[in-house]
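See structure below.
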Amino acid sequence: MSAHKPPSAPILYSFPSAHELTPALADFIIATQHDAIAKKDRFTVALSGGSLPHTLTGLIGKPGVKWDKWHIFYVDERAVPFDNPDSNHSLCVSEFYSKVPIPEQNIHPIDTTLLDDLEELADAYEQELIREFAQKDAARFPIFDLILLGMGPDGHTGSLFPGHELLSESSRWVAYIEDSPKPPPKRITFTYPVINHANKVVFVATGGAKLDILSQVLDKPEQGLPSSRVRPAYPGQVYWFVDDAASGKTEYPRTSFKL
Ligand SMILES: O=C(O)[C@H](O)[C@@H](O)[C@H](O)[C@H](O)COP(=O)(O)O
């Protein structure tokens, strides 16, 4: 029955600055972690690249984080070796994993032996997701406890770019892209069926460079920009954690942050 309910409207939290946003995001993630562990003794999370890993630093040293229960995947990853500064995994290692005790076997990077064949790289990552989710949830698509997204100034998220054919991918879990307008051009990315099956999806967007695009994405979802298309199926929920510099033009109603 519940599957027929329409997706819930996005919830927008706007903070005076990243300084206030970061600890609130950490509290939100910890609460989400507690719910997930209570239900199934594990917490499945997917991370994006860009500035997102840095916003997780609010979790460092916080009580209540059960790091050994975390299982981390990447929403998107650039097809580069780990010693390349463009690697999202390497960014997460330096910004985040190196500062918290997440067991290495719980972190799921791409297989960098497959960088020469993007289709194989995407297939192998899909298999990695299948190993984690297929037997446990017996669902058609993985159901992440939490997916963390950033948004580019053109409204892209993950490696799902405006006008790109991947926006209509409806069966694959992980797809590849060879012509990303944001460099580097070769990447793999979760598709909407994965993103929109998550329990909670959180966008983090800060700074004046997101001013115009945030208002387009939230006030004019009918334009169909990639970030507007993130609408997890009921009972999933999308949240926006932004700062006032990013939300200055957005008319969409804000919600006061409380857990
Ligand atoms: O690997 C990537 O390029 C990302 O996953 C991408 O979708 C990113 O999250 C946005 O471009 C926002 O990036 P910023 O947070 O740096 O603005």
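Residue numbering restarts at 1 in every chain; chains get A, B, ... in the order shown in the structure tokens, and ligands count up from 1 in that same order.
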Give me, as CSV, each residue of chain A that comes within 8 Å of ligand 1, together with its shortest interatomic pair and the distance in Å at one decimal, counting only C-alpha atoms and all ligand atoms, with rows ordered by chain and rising residue number.
```
residue,atom,partner,partner_atom_place_in_ligand_line,distance
A:Leu47,CA,ligand 1,5 (O),7.8
A:Ser48,CA,ligand 1,5 (O),4.1
A:Gly49,CA,ligand 1,1 (O),3.8
A:Gly50,CA,ligand 1,16 (O),3.3
A:Ser51,CA,ligand 1,15 (O),3.7
A:Leu52,CA,ligand 1,15 (O),5.3
A:Val75,CA,ligand 1,5 (O),6.7
A:Asp76,CA,ligand 1,5 (O),5.4
A:Glu77,CA,ligand 1,1 (O),5.8
A:Arg78,CA,ligand 1,1 (O),6.5
A:Asn88,CA,ligand 1,1 (O),6.1
A:Leu149,CA,ligand 1,9 (O),5.7
A:Gly150,CA,ligand 1,9 (O),3.5
A:Met151,CA,ligand 1,12 (C),4.2
A:Gly152,CA,ligand 1,11 (O),4.0
A:Pro153,CA,ligand 1,17 (O),7.3
A:His156,CA,ligand 1,7 (O),6.1
A:Thr157,CA,ligand 1,7 (O),4.1
A:Gly158,CA,ligand 1,7 (O),3.7
A:Ser159,CA,ligand 1,7 (O),5.4
A:Leu160,CA,ligand 1,7 (O),7.5
A:Lys182,CA,ligand 1,3 (O),6.9
A:Pro183,CA,ligand 1,3 (O),7.8
A:Val204,CA,ligand 1,15 (O),7.4
A:Ala205,CA,ligand 1,15 (O),6.6
A:Thr206,CA,ligand 1,17 (O),7.8
A:Lys210,CA,ligand 1,17 (O),8.0
```
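Within 6 Å of range 22-30 of chain A there are Ala18, His19, Gln33, Thr55, Gly58 and Leu59 of chain A, counting only C-alpha atoms and ignoring same-chain residues fewer than 3 positions away.
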Keeping only C-alpha atoms, write the selected residues as a short mmCIF file (atom, residue, chain, number, x, y, z; two decimals), in the first residue's frame.
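Final output, part_23.cif:
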```
data_model
loop_
_atom_site.label_atom_id
_atom_site.label_comp_id
_atom_site.auth_asym_id
_atom_site.auth_seq_id
_atom_site.Cartn_x
_atom_site.Cartn_y
_atom_site.Cartn_z
CA ALA A 18 28.58 26.27 7.59
CA HIS A 19 29.77 26.67 11.17
CA GLN A 33 22.63 5.77 12.34
CA THR A 55 31.20 18.61 5.95
CA GLY A 58 31.49 17.46 12.54
CA LEU A 59 31.28 13.73 13.32
#
```
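Nearest-residue note for Val100 in chain A: choosing from A:Val80, A:Leu225, A:Val45, A:Ile60, the minimum distance belongs to A:Ile60, counting only C-alpha atoms.
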What's the 8 Å shell around range 245-251 of chain A, counting only C-alpha atoms, without same-chain residues fewer than 6 positions away, as a list in words? Ser14, Pro16, Ser17, Ala205, Thr206, Gly207, Gly208, Ala209, Lys210, Leu211, Asp212, Leu214, Ser215, Gln216, Leu218 and Asp219 of chain A
Restrict the selected residues to N, CA and C atoms and save them as a tab-separated table (two decimals), in the first residue's frame.
```
chain	number	residue	atom	x	y	z
A	14	SER	N	17.97	25.78	6.70
A	14	SER	CA	19.00	26.75	6.33
A	14	SER	C	19.65	27.30	7.60
A	16	PRO	N	22.75	29.80	9.53
A	16	PRO	CA	23.44	31.07	9.26
A	16	PRO	C	24.75	30.86	8.49
A	17	SER	N	25.47	29.80	8.82
A	17	SER	CA	26.73	29.54	8.10
A	17	SER	C	27.07	28.06	8.22
A	205	ALA	N	24.58	21.95	0.62
A	205	ALA	CA	24.96	22.98	-0.36
A	205	ALA	C	25.21	24.29	0.39
A	206	THR	N	26.40	24.80	0.27
A	206	THR	CA	26.73	26.03	0.99
A	206	THR	C	27.42	27.03	0.05
A	207	GLY	N	27.29	28.31	0.41
A	207	GLY	CA	28.03	29.35	-0.30
A	207	GLY	C	27.23	29.99	-1.42
A	208	GLY	N	27.62	31.21	-1.75
A	208	GLY	CA	26.91	32.02	-2.74
A	208	GLY	C	26.91	31.42	-4.14
A	209	ALA	N	27.84	30.51	-4.44
A	209	ALA	CA	27.86	29.92	-5.78
A	209	ALA	C	26.62	29.04	-6.01
A	210	LYS	N	25.91	28.71	-4.94
A	210	LYS	CA	24.71	27.84	-5.08
A	210	LYS	C	23.41	28.66	-5.02
A	211	LEU	N	23.53	29.99	-4.92
A	211	LEU	CA	22.37	30.87	-4.71
A	211	LEU	C	21.30	30.69	-5.79
A	212	ASP	N	21.67	30.86	-7.04
A	212	ASP	CA	20.67	30.81	-8.12
A	212	ASP	C	20.16	29.39	-8.32
A	214	LEU	N	20.02	26.82	-6.28
A	214	LEU	CA	19.19	26.26	-5.20
A	214	LEU	C	17.74	26.73	-5.37
A	215	SER	N	17.58	28.01	-5.73
A	215	SER	CA	16.23	28.51	-5.90
A	215	SER	C	15.57	27.83	-7.11
A	216	GLN	N	16.31	27.60	-8.17
A	216	GLN	CA	15.70	26.90	-9.31
A	216	GLN	C	15.28	25.49	-8.94
A	218	LEU	N	14.64	24.11	-5.96
A	218	LEU	CA	13.56	23.94	-4.98
A	218	LEU	C	12.28	24.68	-5.37
A	219	ASP	N	12.42	25.85	-6.00
A	219	ASP	CA	11.22	26.64	-6.33
A	219	ASP	C	10.61	26.23	-7.67
```
Step one, run DSSP on the backbone; step two, keep only residues of range 19-154 of chain A assigned to strand (DSSP E or B); then write them as JSON, numbers by chain. {"A": [43, 44, 45, 46, 47, 70, 71, 72, 73, 74, 76, 77, 78, 107, 146, 147, 148, 149]}
Kindly save the residues from that selection, with N, CA and C atoms included, as a PDB file, in the first residue's frame.
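Produced file again20.pdb, reproduced below:
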```pdb
ATOM      1  N   PHE A  43      24.679   0.203   9.348  1.00  0.00           N
ATOM      2  CA  PHE A  43      24.309   1.525   8.843  1.00  0.00           C
ATOM      3  C   PHE A  43      24.938   1.680   7.461  1.00  0.00           C
ATOM      4  N   THR A  44      24.114   1.744   6.435  1.00  0.00           N
ATOM      5  CA  THR A  44      24.637   1.838   5.069  1.00  0.00           C
ATOM      6  C   THR A  44      24.540   3.290   4.580  1.00  0.00           C
ATOM      7  N   VAL A  45      25.678   3.788   4.134  1.00  0.00           N
ATOM      8  CA  VAL A  45      25.802   5.203   3.769  1.00  0.00           C
ATOM      9  C   VAL A  45      26.478   5.310   2.408  1.00  0.00           C
ATOM     10  N   ALA A  46      26.046   6.275   1.606  1.00  0.00           N
ATOM     11  CA  ALA A  46      26.763   6.558   0.353  1.00  0.00           C
ATOM     12  C   ALA A  46      27.203   8.023   0.363  1.00  0.00           C
ATOM     13  N   LEU A  47      28.454   8.241  -0.014  1.00  0.00           N
ATOM     14  CA  LEU A  47      29.056   9.583   0.012  1.00  0.00           C
ATOM     15  C   LEU A  47      29.311  10.103  -1.400  1.00  0.00           C
ATOM     16  N   TRP A  70      29.244   1.096  10.349  1.00  0.00           N
ATOM     17  CA  TRP A  70      29.101   1.858   9.103  1.00  0.00           C
ATOM     18  C   TRP A  70      29.588   1.028   7.908  1.00  0.00           C
ATOM     19  N   HIS A  71      28.837   1.107   6.808  1.00  0.00           N
ATOM     20  CA  HIS A  71      29.244   0.472   5.539  1.00  0.00           C
ATOM     21  C   HIS A  71      29.115   1.556   4.474  1.00  0.00           C
ATOM     22  N   ILE A  72      30.254   1.952   3.927  1.00  0.00           N
ATOM     23  CA  ILE A  72      30.281   3.163   3.094  1.00  0.00           C
ATOM     24  C   ILE A  72      30.532   2.849   1.619  1.00  0.00           C
ATOM     25  N   PHE A  73      29.680   3.427   0.774  1.00  0.00           N
ATOM     26  CA  PHE A  73      29.821   3.322  -0.689  1.00  0.00           C
ATOM     27  C   PHE A  73      29.910   4.738  -1.258  1.00  0.00           C
ATOM     28  N   TYR A  74      30.169   4.813  -2.571  1.00  0.00           N
ATOM     29  CA  TYR A  74      30.252   6.128  -3.222  1.00  0.00           C
ATOM     30  C   TYR A  74      29.094   6.327  -4.192  1.00  0.00           C
ATOM     31  N   ASP A  76      29.096   8.566  -6.480  1.00  0.00           N
ATOM     32  CA  ASP A  76      29.790   8.620  -7.761  1.00  0.00           C
ATOM     33  C   ASP A  76      31.291   8.647  -7.500  1.00  0.00           C
ATOM     34  N   GLU A  77      32.010   8.216  -8.514  1.00  0.00           N
ATOM     35  CA  GLU A  77      33.465   8.197  -8.383  1.00  0.00           C
ATOM     36  C   GLU A  77      34.075   8.477  -9.744  1.00  0.00           C
ATOM     37  N   ARG A  78      35.172   9.183  -9.703  1.00  0.00           N
ATOM     38  CA  ARG A  78      35.882   9.508 -10.938  1.00  0.00           C
ATOM     39  C   ARG A  78      36.770   8.321 -11.310  1.00  0.00           C
ATOM     40  N   ILE A 107      34.596  -0.099   3.972  1.00  0.00           N
ATOM     41  CA  ILE A 107      34.621   0.990   2.986  1.00  0.00           C
ATOM     42  C   ILE A 107      34.733   0.355   1.606  1.00  0.00           C
ATOM     43  N   LEU A 146      21.189   6.067   4.289  1.00  0.00           N
ATOM     44  CA  LEU A 146      21.485   7.495   4.088  1.00  0.00           C
ATOM     45  C   LEU A 146      22.349   7.673   2.843  1.00  0.00           C
ATOM     46  N   ILE A 147      21.920   8.578   1.973  1.00  0.00           N
ATOM     47  CA  ILE A 147      22.742   8.974   0.825  1.00  0.00           C
ATOM     48  C   ILE A 147      23.023  10.467   0.968  1.00  0.00           C
ATOM     49  N   LEU A 148      24.292  10.823   0.913  1.00  0.00           N
ATOM     50  CA  LEU A 148      24.702  12.224   1.065  1.00  0.00           C
ATOM     51  C   LEU A 148      25.122  12.771  -0.293  1.00  0.00           C
ATOM     52  N   LEU A 149      24.493  13.859  -0.703  1.00  0.00           N
ATOM     53  CA  LEU A 149      24.732  14.423  -2.031  1.00  0.00           C
ATOM     54  C   LEU A 149      25.208  15.863  -1.951  1.00  0.00           C
TER      55      LEU A 149
END
```
What parts of range 103-197 of chain A does DSSP call alpha helix (DSSP H)? I'd like the answer as a compact mmCIF listing (two decimals) with C-alpha atoms, in the first residue's frame.
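Writing done, so here's states.txt:
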```
# COMPACT_ATOMS: atom_id res chain seq x y z
CA LEU A 118 34.17 2.00 -17.79
CA GLU A 119 31.41 -0.50 -18.41
CA GLU A 120 33.28 -3.15 -16.42
CA LEU A 121 34.08 -0.61 -13.73
CA ALA A 122 30.38 0.25 -13.34
CA ASP A 123 29.35 -3.44 -13.48
CA ALA A 124 31.88 -4.36 -10.81
CA TYR A 125 30.60 -1.60 -8.54
CA GLU A 126 27.02 -2.73 -9.12
CA GLN A 127 28.13 -6.23 -8.04
CA GLU A 128 29.65 -4.71 -4.91
CA LEU A 129 26.24 -3.21 -4.11
CA ILE A 130 24.49 -6.49 -4.89
CA ARG A 131 26.78 -8.28 -2.41
CA GLU A 132 25.82 -5.81 0.29
CA PHE A 133 22.11 -5.44 -0.40
CA ALA A 134 20.57 -8.16 -2.54
CA GLN A 135 20.50 -10.99 -0.02
CA LYS A 136 19.83 -8.83 3.01
CA ASP A 137 16.95 -6.75 1.69
CA TYR A 192 17.99 7.53 -9.79
CA PRO A 193 16.47 4.12 -9.01
CA VAL A 194 19.16 3.72 -6.33
CA ILE A 195 19.10 7.30 -5.04
```
Excluding Glu95 in chain A and residues on its chain fewer than 3 positions from it, collect all residues at most 7 Å away from it, counting only C-alpha atoms, and give them as a VMD selection string. chain A and resid 53 to 54 91 to 92 98
Just to be explicit: take each residue in the selection above, keep N, CA and C atoms, and write the result as a PDB file, in the first residue's frame.
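selection-v4.pdb was written with the following content:
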```
ATOM      1  N   PRO A  53      32.743  15.536   1.658  1.00  0.00           N
ATOM      2  CA  PRO A  53      33.493  14.849   2.726  1.00  0.00           C
ATOM      3  C   PRO A  53      33.918  15.796   3.846  1.00  0.00           C
ATOM      4  N   HIS A  54      34.228  17.037   3.495  1.00  0.00           N
ATOM      5  CA  HIS A  54      34.676  17.967   4.519  1.00  0.00           C
ATOM      6  C   HIS A  54      33.560  18.280   5.523  1.00  0.00           C
ATOM      7  N   LEU A  91      39.949  11.534  -1.412  1.00  0.00           N
ATOM      8  CA  LEU A  91      39.506  12.725  -0.690  1.00  0.00           C
ATOM      9  C   LEU A  91      38.866  12.313   0.636  1.00  0.00           C
ATOM     10  N   CYS A  92      38.040  11.282   0.596  1.00  0.00           N
ATOM     11  CA  CYS A  92      37.391  10.812   1.835  1.00  0.00           C
ATOM     12  C   CYS A  92      38.421  10.255   2.810  1.00  0.00           C
ATOM     13  N   SER A  98      40.697   8.987   7.714  1.00  0.00           N
ATOM     14  CA  SER A  98      41.965   8.998   8.439  1.00  0.00           C
ATOM     15  C   SER A  98      41.782   9.546   9.857  1.00  0.00           C
TER      16      SER A  98
END
```
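You will find CA of Arg42 in chain A at 4.7 Å from CA of Lys69 in chain A.
Taking only C-alpha atoms, the non-local environment of Leu21 in chain A within 8 Å (same-chain residues fewer than 6 positions away omitted) comprises A:Ser14, A:Phe15, A:Phe241, A:Val242, A:Asp243.
Atom pair CA of Tyr176 in chain A / CA of Thr112 in chain A has a distance of 14.2 Å (rounded to one decimal).
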